[in-house]
Amino acid sequence: MKSAYDIIVKPIITEASIKRLQEKKYTFKVAKDSNKVEIAKAVEEVFGVKVKKVNTMNVMGRQKRFGKRIGIKSDWKKAIVTLTLDSKGIEFFESLN
């Protein structure tokens, strides 16, 4: 059984993700083998909030040059977690807003 900290790898902080904070949508990089139910339970356990909906997407790795050689970055999974209206926000993200 994976722990909640194994499922949530790190938060994603971009301009687009900061704009979604007003709608109570938070973006995370998650483990590739996790599903929506596991992600929702992990977010509820770690941050103490109520999750309404989870959207996931697989992000394909892109090409990157390393001098003369060309490599490929690894594929990863992104999750956009929507909280319920009566739930409190996630403190880490609120300090960015």
# chains A, B, ... in the order shown; residues from 1 in each chain; ligands from 1

$ select_by_dssp --residues "chain A" --states "strand (DSSP E)" --output "MDAnalysis selection string"
chainID A and resid 8:11 25:30 51:59 63:66 69:72 76:83

$ atom_distance --atom1 "CA of Glu44 (chain A)" --atom2 "CA of Glu94 (chain A)"
16.6 Å

$ residues_around --residues "Lys36 (chain A)" --least-positions-apart "4" --cutoff "9 Å" --atoms "only C-alpha atoms" --output "ChimeraX atom specification"
/A:40-41,53-56,79

$ residues_around --residues "Ile90 (chain A)" --least-positions-apart "5" --cutoff "9 Å" --atoms "only C-alpha atoms" --output "ChimeraX atom specification"
/A:24,26,47-49

$ select_by_dssp --residues "chain A" --states "alpha helix (DSSP H)" --output "VMD selection string"
chain A and resid 4 to 7 15 to 20 36 to 47 91 to 94

$ closest_residue --among "A:Lys68, A:Lys25, A:Lys19, A:Lys10" --to "Val81 (chain A)" --atoms "only C-alpha atoms"
A:Lys25

$ residues_around --residues "Ile72 (chain A)" --least-positions-apart "4" --cutoff "8 Å" --atoms "only C-alpha atoms" --output "VMD selection string"
chain A and resid 61 to 64

$ atom_distance --atom1 "CA of Thr82 (chain A)" --atom2 "CA of Val51 (chain A)"
6.1 Å

$ closest_residue --among "A:Ser34, A:Ser95, A:Thr84, A:Ser74" --to "Met1 (chain A)" --atoms "only C-alpha atoms"
A:Ser34

$ residues_around --residues "Thr14 (chain A)" --least-positions-apart "5" --cutoff "12 Å" --atoms "only C-alpha atoms" --output "list in words"
Lys19, Arg20, Leu21, Tyr26, Thr27, Phe28, Phe93, Leu96 and Asn97 of chain A

$ write_last_selection --atoms "C-alpha atoms" --output "short mmCIF file (atom, residue, chain, number, x, y, z; two decimals), in the first residue's frame"
data_model
loop_
_atom_site.label_atom_id
_atom_site.label_comp_id
_atom_site.auth_asym_id
_atom_site.auth_seq_id
_atom_site.Cartn_x
_atom_site.Cartn_y
_atom_site.Cartn_z
CA LYS A 19 -5.07 31.61 -11.72
CA ARG A 20 -7.01 28.41 -10.91
CA LEU A 21 -6.61 28.96 -7.14
CA TYR A 26 -4.94 22.92 -7.10
CA THR A 27 -2.35 21.28 -9.37
CA PHE A 28 0.03 18.49 -8.33
CA PHE A 93 -0.93 27.64 -2.12
CA LEU A 96 1.29 32.39 -3.18
CA ASN A 97 -1.93 34.19 -4.00
#

$ residues_around --residues "Tyr5 (chain A)" --least-positions-apart "6" --cutoff "10 Å" --atoms "only C-alpha atoms" --output "list in words"
Val30, Ala31, Ala42, Val43, Glu45 and Val46 of chain A
